[in-house]
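Student: Below is data.cif; it holds mmCIF, C-alpha atoms.
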```
data_my_file
loop_
_atom_site.label_atom_id
_atom_site.label_comp_id
_atom_site.auth_asym_id
_atom_site.auth_seq_id
_atom_site.Cartn_x
_atom_site.Cartn_y
_atom_site.Cartn_z
CA ARG O 1 41.85 -16.95 9.85
CA ALA O 2 43.11 -14.87 6.97
CA LEU O 3 40.59 -12.55 5.38
CA HIS O 4 40.66 -12.80 1.59
CA VAL O 5 39.48 -9.72 -0.29
CA HIS O 6 38.54 -10.22 -3.93
CA GLN O 7 38.79 -7.17 -6.14
CA THR O 8 37.03 -6.95 -9.48
CA LEU O 9 37.71 -4.57 -12.33
CA GLY O 10 34.82 -3.86 -14.70
CA PHE O 11 34.39 -1.94 -17.94
CA ARG O 12 31.36 -0.26 -19.50
CA TRP O 13 31.93 -0.10 -23.24
CA SER O 14 29.51 2.15 -25.07
CA ALA O 15 29.23 4.05 -28.34
CA THR O 16 31.60 6.68 -26.93
CA ASN O 17 34.45 4.13 -26.99
CA ASN O 18 33.54 2.49 -30.32
CA LEU O 19 36.05 3.56 -32.99
CA PHE O 20 34.27 1.57 -35.69
CA VAL O 21 31.00 3.53 -35.53
CA SER O 22 30.75 7.29 -36.02
CA ALA O 23 28.55 9.70 -34.07
CA GLY O 24 26.52 10.13 -37.23
CA ASP O 25 25.79 6.37 -37.37
CA VAL O 26 24.59 6.37 -33.76
CA ALA O 27 22.42 9.45 -34.38
CA ALA O 28 20.88 7.76 -37.43
CA ASP O 29 20.06 4.66 -35.34
CA GLU O 30 18.39 6.79 -32.69
CA TRP O 31 16.42 8.72 -35.32
CA ARG O 32 15.15 5.46 -36.86
CA ALA O 33 14.31 4.02 -33.39
CA SER O 34 12.18 7.07 -32.53
CA ARG O 35 10.09 6.46 -35.65
CA ARG O 36 9.57 2.72 -35.35
CA ALA O 37 6.09 1.39 -34.60
CA ASP O 38 7.32 -0.16 -31.35
CA GLU O 39 9.22 2.89 -30.15
CA ASP O 40 9.68 1.68 -26.56
CA ASN O 41 11.43 -1.54 -27.58
CA ALA O 42 13.57 0.30 -30.16
CA LEU O 43 14.77 2.87 -27.63
CA ARG O 44 15.41 0.14 -25.07
CA GLU O 45 17.61 -1.62 -27.64
CA ILE O 46 19.59 1.60 -28.26
CA LEU O 47 20.15 2.17 -24.53
CA GLN O 48 21.21 -1.36 -23.76
CA PHE O 49 23.31 -2.25 -26.82
CA VAL O 50 24.68 1.14 -27.92
CA TRP O 51 25.00 3.19 -24.75
CA ALA O 52 25.21 0.28 -22.24
CA MET O 53 22.70 1.99 -19.97
CA PRO O 54 19.72 0.46 -18.12
CA TYR O 55 16.33 1.10 -19.68
CA LYS O 56 13.85 3.03 -17.53
CA PRO O 57 10.32 2.24 -18.65
CA PRO O 58 8.06 5.26 -19.18
CA ARG O 59 5.26 6.15 -16.77
CA LEU O 60 2.25 7.62 -18.49
CA ASP O 61 -0.33 9.47 -16.42
CA LEU O 62 -3.82 8.69 -17.67
CA THR O 63 -6.39 11.45 -17.75
CA PRO O 64 -7.69 11.84 -14.17
CA LEU O 65 -11.29 12.64 -13.28
CA ASP O 66 -12.05 16.22 -12.35
CA PRO O 67 -13.50 16.33 -8.79
CA GLU O 68 -15.54 19.46 -9.57
CA LYS O 69 -17.17 17.91 -12.66
CA LEU O 70 -17.71 14.64 -10.82
CA ALA O 71 -19.55 16.40 -8.00
CA ARG O 72 -22.03 17.75 -10.60
CA LYS O 73 -22.70 14.41 -12.33
CA GLN O 74 -26.10 14.01 -10.71
CA GLN O 75 -29.39 12.31 -11.35
CA ALA O 76 -32.60 14.08 -10.35
CA LEU O 77 -33.24 11.93 -7.30
CA PRO O 78 -32.87 12.88 -3.63
CA ARG O 79 -30.48 11.12 -1.31
CA GLY O 80 -31.69 7.65 -0.35
CA MET O 81 -33.98 7.22 -3.38
CA ALA O 82 -33.22 4.55 -5.98
CA PRO O 83 -34.20 4.98 -9.66
CA PRO O 84 -37.33 3.28 -11.05
CA ALA O 85 -36.90 -0.38 -12.03
CA THR O 86 -33.88 -0.86 -9.77
CA ASP O 87 -32.69 -4.47 -10.03
CA PHE O 88 -30.10 -4.56 -7.27
CA VAL O 89 -28.60 -2.42 -4.55
CA THR O 90 -25.02 -3.20 -3.55
CA VAL O 91 -22.81 -1.66 -0.89
CA GLY O 92 -19.07 -1.38 -0.28
CA VAL O 93 -17.71 -0.69 3.20
CA ASP O 94 -14.15 0.48 3.96
CA VAL O 95 -13.17 -0.05 7.60
CA ASN O 96 -10.46 1.57 9.71
CA LYS O 97 -9.91 1.96 13.45
CA TYR O 98 -12.24 4.89 14.03
CA MET O 99 -14.91 4.68 11.34
CA ALA O 100 -16.34 2.90 8.31
CA HIS O 101 -16.98 4.69 5.01
CA TYR O 102 -19.78 3.15 2.94
CA ALA O 103 -21.25 3.71 -0.52
CA ALA O 104 -24.52 2.24 -1.82
CA ILE O 105 -25.22 1.86 -5.55
CA ALA O 106 -28.59 1.12 -7.18
CA TRP O 107 -28.33 -0.79 -10.48
CA THR O 108 -30.82 -0.53 -13.33
CA PRO O 109 -31.45 -3.06 -16.14
CA ASP O 110 -29.09 -1.35 -18.63
CA GLY O 111 -26.18 -1.78 -16.22
CA SER O 112 -26.09 1.85 -15.09
CA GLY O 113 -25.36 2.61 -11.46
CA HIS O 114 -26.62 5.38 -9.21
CA VAL O 115 -24.90 6.23 -5.92
CA LEU O 116 -28.04 6.74 -3.87
CA ASP O 117 -26.23 7.07 -0.54
CA TYR O 118 -22.80 7.27 1.04
CA GLY O 119 -21.69 8.12 4.52
CA ILE O 120 -19.62 7.39 7.61
CA GLN O 121 -20.34 5.06 10.52
CA GLU O 122 -18.24 6.19 13.47
CA PHE O 123 -16.79 3.74 16.00
CA ARG O 124 -16.37 4.53 19.71
CA SER O 125 -12.74 3.43 19.66
CA ASP O 126 -11.79 6.20 22.10
CA GLN O 127 -14.23 4.80 24.70
CA LEU O 128 -14.15 1.04 24.06
CA ALA O 129 -11.65 -1.62 23.07
CA THR O 130 -11.03 -1.34 19.33
CA GLU O 131 -12.52 -4.72 18.39
CA ARG O 132 -15.69 -4.18 20.39
CA ALA O 133 -16.09 -0.65 19.02
CA ILE O 134 -15.85 -1.96 15.43
CA VAL O 135 -18.30 -4.81 16.08
CA LEU O 136 -20.90 -2.52 17.66
CA GLY O 137 -20.49 0.11 14.93
CA LEU O 138 -20.81 -2.39 12.10
CA ARG O 139 -23.89 -3.93 13.71
CA GLU O 140 -25.54 -0.50 13.64
CA LEU O 141 -24.52 0.04 10.01
CA PHE O 142 -25.73 -3.41 8.95
CA GLU O 143 -29.16 -2.66 10.39
CA VAL O 144 -29.35 0.45 8.20
CA LEU O 145 -28.36 -1.59 5.14
CA ARG O 146 -30.98 -4.23 5.98
CA ALA O 147 -33.69 -1.55 6.19
CA GLY O 148 -32.77 -0.38 2.70
CA TRP O 149 -33.77 2.65 0.65
CA GLY O 150 -36.83 3.87 -1.19
CA VAL O 151 -37.33 3.16 -4.90
CA HIS O 152 -38.96 5.87 -7.00
CA GLY O 153 -42.56 4.86 -7.76
CA GLU O 154 -42.56 1.73 -5.57
CA PRO O 155 -44.10 1.32 -2.10
CA LYS O 156 -41.49 -0.95 -0.50
CA PRO O 157 -37.87 -0.13 0.29
CA HIS O 158 -35.09 -2.08 -1.38
CA PRO O 159 -32.51 -3.49 1.05
CA ALA O 160 -28.89 -4.10 0.10
CA ASP O 161 -28.53 -7.30 -1.92
CA ILE O 162 -24.78 -7.79 -1.47
CA VAL O 163 -22.47 -5.96 0.93
CA LEU O 164 -18.68 -6.26 0.61
CA VAL O 165 -16.76 -5.25 3.73
CA ASP O 166 -13.04 -4.54 3.44
CA SER O 167 -11.15 -6.90 5.76
CA GLY O 168 -7.71 -5.33 5.49
CA TRP O 169 -8.04 -3.94 9.03
CA LEU O 170 -8.49 -6.64 11.72
CA PRO O 171 -9.70 -9.36 9.31
CA ASP O 172 -10.80 -11.81 12.03
CA VAL O 173 -13.17 -9.19 13.45
CA ILE O 174 -14.66 -8.56 10.00
CA TYR O 175 -15.01 -12.30 9.40
CA ARG O 176 -16.88 -12.71 12.69
CA ILE O 177 -19.25 -9.77 12.23
CA CYS O 178 -20.09 -10.83 8.66
CA GLY O 179 -20.70 -14.40 9.84
CA GLU O 180 -22.99 -13.11 12.58
CA ALA O 181 -24.91 -10.94 10.10
CA ASN O 182 -25.35 -13.92 7.75
CA ALA O 183 -27.03 -16.03 10.44
CA ASP O 184 -30.43 -15.00 9.02
CA GLY O 185 -29.39 -15.64 5.41
CA TRP O 186 -28.24 -12.08 4.66
CA ARG O 187 -25.26 -11.76 2.33
CA PHE O 188 -22.53 -9.74 4.01
CA ARG O 189 -19.13 -10.77 2.71
CA PRO O 190 -15.59 -9.85 3.72
CA ALA O 191 -13.39 -8.66 0.87
CA LYS O 192 -9.71 -7.99 0.31
CA GLY O 193 -8.23 -5.84 -2.47
CA TYR O 194 -4.81 -6.37 -4.01
CA GLY O 195 -2.92 -3.64 -5.83
CA ALA O 196 -0.06 -1.18 -5.70
CA VAL O 197 -1.82 0.95 -3.05
CA GLN O 198 -3.47 -1.75 -0.94
CA GLN O 199 -0.70 -4.31 -0.64
CA ARG O 200 2.54 -2.38 -1.19
CA ASP O 201 3.02 -3.49 -4.77
CA ARG O 202 1.59 -6.96 -4.21
CA THR O 203 -0.39 -7.60 -7.36
CA TYR O 204 -3.51 -9.70 -7.74
CA ARG O 205 -2.83 -13.27 -8.89
CA PRO O 206 -5.96 -14.92 -10.28
CA PRO O 207 -6.32 -18.64 -9.61
CA LYS O 208 -6.34 -20.87 -12.69
CA LYS O 209 -9.19 -23.16 -11.68
CA PRO O 210 -11.63 -23.78 -8.80
CA THR O 211 -10.37 -25.91 -5.92
CA THR O 212 -11.58 -26.82 -2.46
CA LEU O 213 -10.20 -23.45 -1.32
CA VAL O 214 -11.29 -21.41 -4.38
CA VAL O 215 -15.06 -21.75 -4.78
CA HIS O 216 -15.63 -19.23 -7.59
CA ILE O 217 -13.50 -17.45 -10.19
CA ALA O 218 -14.81 -14.32 -11.91
CA ASP O 219 -13.42 -11.39 -13.89
CA GLN O 220 -10.56 -9.96 -11.80
CA TYR O 221 -11.88 -11.35 -8.52
CA HIS O 222 -12.47 -14.73 -6.92
CA VAL O 223 -14.06 -16.20 -3.81
CA SER O 224 -11.87 -18.17 -1.40
CA ARG O 225 -12.97 -20.46 1.41
CA ILE O 226 -11.23 -19.91 4.75
CA ARG O 227 -11.95 -22.06 7.78
CA LYS O 228 -12.11 -20.27 11.10
CA PRO O 229 -13.25 -21.54 14.54
CA GLY O 230 -17.03 -21.78 14.43
CA GLN O 231 -17.44 -20.65 10.82
CA VAL O 232 -16.36 -21.02 7.22
CA VAL O 233 -15.50 -17.64 5.68
CA GLN O 234 -16.05 -16.87 2.02
CA LEU O 235 -13.55 -14.11 1.25
CA VAL O 236 -13.89 -12.09 -1.95
CA GLU O 237 -10.35 -11.36 -3.23
CA VAL O 238 -10.24 -8.53 -5.75
CA ASN O 239 -7.85 -6.97 -8.26
CA ALA O 240 -8.20 -3.47 -6.79
CA ASP O 241 -6.33 -1.77 -9.65
CA ALA O 242 -8.63 -3.30 -12.30
CA TRP O 243 -11.85 -2.49 -10.46
CA LYS O 244 -10.80 1.06 -9.60
CA SER O 245 -10.18 1.54 -13.33
CA ARG O 246 -13.64 0.20 -14.15
CA THR O 247 -15.22 2.41 -11.51
CA HIS O 248 -13.47 5.49 -12.96
CA GLU O 249 -14.61 4.44 -16.46
CA ARG O 250 -18.22 4.38 -15.24
CA LEU O 251 -17.77 7.77 -13.58
CA ALA O 252 -16.33 9.17 -16.83
CA THR O 253 -19.22 7.79 -18.93
CA PRO O 254 -21.85 10.45 -19.80
CA ALA O 255 -24.90 10.14 -17.56
CA GLU O 256 -27.26 9.40 -20.47
CA GLN O 257 -25.25 6.36 -21.63
CA ALA O 258 -25.64 2.79 -20.39
CA GLY O 259 -23.04 1.85 -17.81
CA ALA O 260 -22.66 5.33 -16.33
CA LEU O 261 -22.37 5.98 -12.62
CA THR O 262 -24.21 9.01 -11.22
CA VAL O 263 -24.80 10.53 -7.76
CA PHE O 264 -27.91 11.79 -5.98
CA THR O 265 -29.01 15.42 -6.19
CA ALA O 266 -27.14 17.76 -3.87
CA SER O 267 -25.05 20.86 -4.13
CA ALA O 268 -21.58 20.42 -5.61
CA ASN O 269 -20.31 21.57 -2.21
CA GLN O 270 -22.00 18.62 -0.47
CA HIS O 271 -20.44 16.14 -2.91
CA ARG O 272 -16.97 17.71 -2.83
CA SER O 273 -15.52 15.42 -0.14
CA TYR O 274 -16.92 12.31 -1.83
CA ALA O 275 -15.57 13.42 -5.22
CA ARG O 276 -12.14 14.14 -3.76
CA HIS O 277 -12.03 10.65 -2.24
CA LEU O 278 -12.94 9.15 -5.62
CA THR O 279 -10.08 11.07 -7.24
CA ALA O 280 -7.56 10.59 -4.40
CA GLU O 281 -5.68 8.09 -6.55
CA LYS O 282 -4.73 8.28 -10.22
CA PRO O 283 -4.19 5.51 -12.81
CA VAL O 284 -0.71 5.36 -14.35
CA GLU O 285 0.45 3.17 -17.24
CA VAL O 286 3.67 1.39 -16.26
CA PHE O 287 5.78 -1.02 -18.31
CA VAL O 288 6.40 -4.15 -16.22
CA PRO O 289 9.10 -6.52 -17.54
CA GLY O 290 7.56 -9.80 -18.62
CA LYS O 291 4.00 -8.44 -18.37
CA GLY O 292 4.00 -5.44 -20.71
CA VAL O 293 2.09 -2.23 -20.04
CA GLN O 294 0.08 -2.37 -16.80
CA ILE O 295 -2.24 0.14 -15.16
CA GLN O 296 -1.29 0.86 -11.56
CA TRP O 297 -2.80 3.29 -9.07
CA GLU O 298 -0.85 5.94 -7.23
CA VAL O 299 -1.95 8.01 -4.23
CA ILE O 300 -2.52 11.73 -4.75
CA ARG O 301 -4.29 12.42 -1.46
CA ARG O 302 -4.43 10.35 1.70
CA ASN O 303 -8.21 10.17 2.07
CA ASN O 304 -9.39 7.58 -0.44
CA HIS O 305 -11.88 5.64 1.68
CA TRP O 306 -14.98 6.32 -0.42
CA LEU O 307 -13.03 5.25 -3.52
CA ASP O 308 -12.41 1.87 -1.88
CA ALA O 309 -16.03 1.62 -0.74
CA THR O 310 -17.35 2.55 -4.19
CA TYR O 311 -15.20 0.13 -6.17
CA LEU O 312 -16.22 -2.66 -3.75
CA ALA O 313 -19.87 -1.77 -4.41
CA VAL O 314 -19.16 -2.02 -8.15
CA VAL O 315 -17.59 -5.48 -7.63
CA ALA O 316 -20.66 -6.47 -5.62
CA GLY O 317 -22.78 -5.33 -8.58
CA ASP O 318 -20.88 -7.72 -10.84
CA MET O 319 -21.45 -10.49 -8.30
CA ALA O 320 -25.17 -9.74 -8.37
CA GLY O 321 -25.18 -10.10 -12.17
CA VAL O 322 -25.06 -6.46 -13.30
CA LYS O 323 -23.86 -6.08 -16.89
CA VAL O 324 -23.89 -3.08 -19.19
CA ALA O 325 -26.55 -3.40 -21.90
CA GLY O 326 -25.20 -5.28 -24.90
CA THR O 327 -22.56 -7.26 -23.00
CA GLN O 328 -22.68 -10.92 -22.06
CA GLN O 329 -24.00 -11.73 -18.63
CA THR O 330 -22.16 -14.29 -16.52
CA PRO O 331 -23.49 -16.13 -13.48
CA GLY O 332 -22.47 -14.80 -10.09
CA PRO O 333 -20.76 -16.76 -7.33
CA PRO O 334 -22.59 -19.56 -5.54
CA GLN O 335 -24.67 -18.58 -2.54
CA PRO O 336 -23.53 -20.49 0.56
CA ALA O 337 -25.97 -21.66 3.16
CA ALA O 338 -26.28 -19.36 6.16
CA GLU O 339 -23.81 -20.20 8.89
CA PRO O 340 -24.26 -19.78 12.64
CA ALA O 341 -22.63 -16.85 14.33
CA PRO O 342 -19.60 -17.67 16.49
CA ARG O 343 -20.47 -18.10 20.13
CA GLY O 344 -19.47 -15.67 22.80
CA GLN O 345 -19.05 -12.63 20.50
CA SER O 346 -20.57 -9.31 21.57
#
```
If you convert what's in this file into structure tokens, what do you get?

Tutor:
Amino acid sequence: RALHVHQTLGFRWSATNNLFVSAGDVAADEWRASRRADEDNALREILQFVWAMPYKPPRLDLTPLDPEKLARKQQALPRGMAPPATDFVTVGVDVNKYMAHYAAIAWTPDGSGHVLDYGIQEFRSDQLATERAIVLGLRELFEVLRAGWGVHGEPKPHPADIVLVDSGWLPDVIYRICGEANADGWRFRPAKGYGAVQQRDRTYRPPKKPTTLVVHIADQYHVSRIRKPGQVVQLVEVNADAWKSRTHERLATPAEQAGALTVFTASANQHRSYARHLTAEKPVEVFVPGKGVQIQWEVIRRNNHWLDATYLAVVAGDMAGVKVAGTQQTPGPPQPAAEPAPRGQS
């Protein structure tokens, strides 16, 4: 069979080739565009219709948090002690093959949060099969979260009210261990974040209305129902970019203001690793065609696990009903009945 080759000749016709418009006219147009209220659209028009060049949207780095200042943003409470009048304690857990990073936040009535504890639960993945190592390690961690923490001025400890466990790594294992932990009515929930970092540019798409598969829709997260053998999973799906931004806003809020997020008393040296995890990603304003200016998160350093754990704890706070003083409170997601643990899991 004969091979037919089609050749195409194209032209790019720009202001350089336009004999009807002088260089002065083009310069005047660019000067006026740079002073218009909507400068981005004006410059895009100049590039596309005068110079016949593709428009590259600007990327604006937002002011990042300073790890050194963050490590000193402390409340006068020792590790493991919640502030007086704590309403809720919520926990986020970020899981990988060898360990889980967790962060626990105590919430007070004005909507302020206090990181009363954070740490690492190591898995024996070098000695056991990966799935079994994760299950055994998370069981140990869940017992610690059930036991809870002391509250200043109160005799009884306060256990975790809601725990969100990242299910990006081996989701079926996380579903099973959360289902097992919920057999006694405890609220451990698997979660999944969507954003530029988590899902390789897969953005969060909020559902429009509840369905049989979407049981609750909230602000930048929703709860989906997933059927698995022996259990029904309620997965919390989260706009990671939005909730990282809100977590950074709380961290940037002065400690004396409602809505701030503080850490327990320790030397700045002790908090340095935690602070570096919290600042391992930076928010960047990006123009997305059809959507306008969006905030996306970019990786600065590889270790960001406590950032993921902390923003999940902040989401869990919203689920519990935490609102900053003066804002409207919305009801949290429905509480499902406890479900039996899958058989044969150990």

Student: Counting only C-alpha atoms, which of O:Val89, O:Leu77, O:Val284, O:Ile162 gets nearest to Ile300 in chain O?

Tutor: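 Distance minimum relative to Ile300 in chain O lands on O:Val284.
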
Student: Which residue gives the smallest distance to Ala266 in chain O among O:Lys69, O:Arg79, O:His152, O:His101, with only C-alpha atoms counted?

Tutor: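 For Ala266 in chain O, the nearest of the given residues is O:Arg79.
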
Student: Using only C-alpha atoms, determine which residues lie at most 9 Å from Pro109 in chain O, disregarding the query and same-chain residues fewer than 3 positions distant; provide the list as a list in words.

Tutor: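 Counting only the stated atoms, we get Ala85, Thr86, Asp87, Ser112, Val322, Lys323, Val324 and Ala325 of chain O.
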
Student: From the set O:Met81, O:Ala258, O:Ile226, O:Val315, which residue has the shortest atom-to-atom contact distance to Val238 in chain O, counting only C-alpha atoms?

Tutor: O:Val315

Student: Tell me which residues come within 9 Å of (-23.8, 16.0, -11.9), as an MDAnalysis selection string, counting only C-alpha atoms in the file's coordinates.

Tutor: chainID O and resid 69:75 255 262:266 268

Student: How many Å lie between CA of Leu164 in chain O and CA of Pro67 in chain O, rounded to one decimal?

Tutor: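 One can read the CA of Leu164 in chain O to CA of Pro67 in chain O distance as 25.0 Å.
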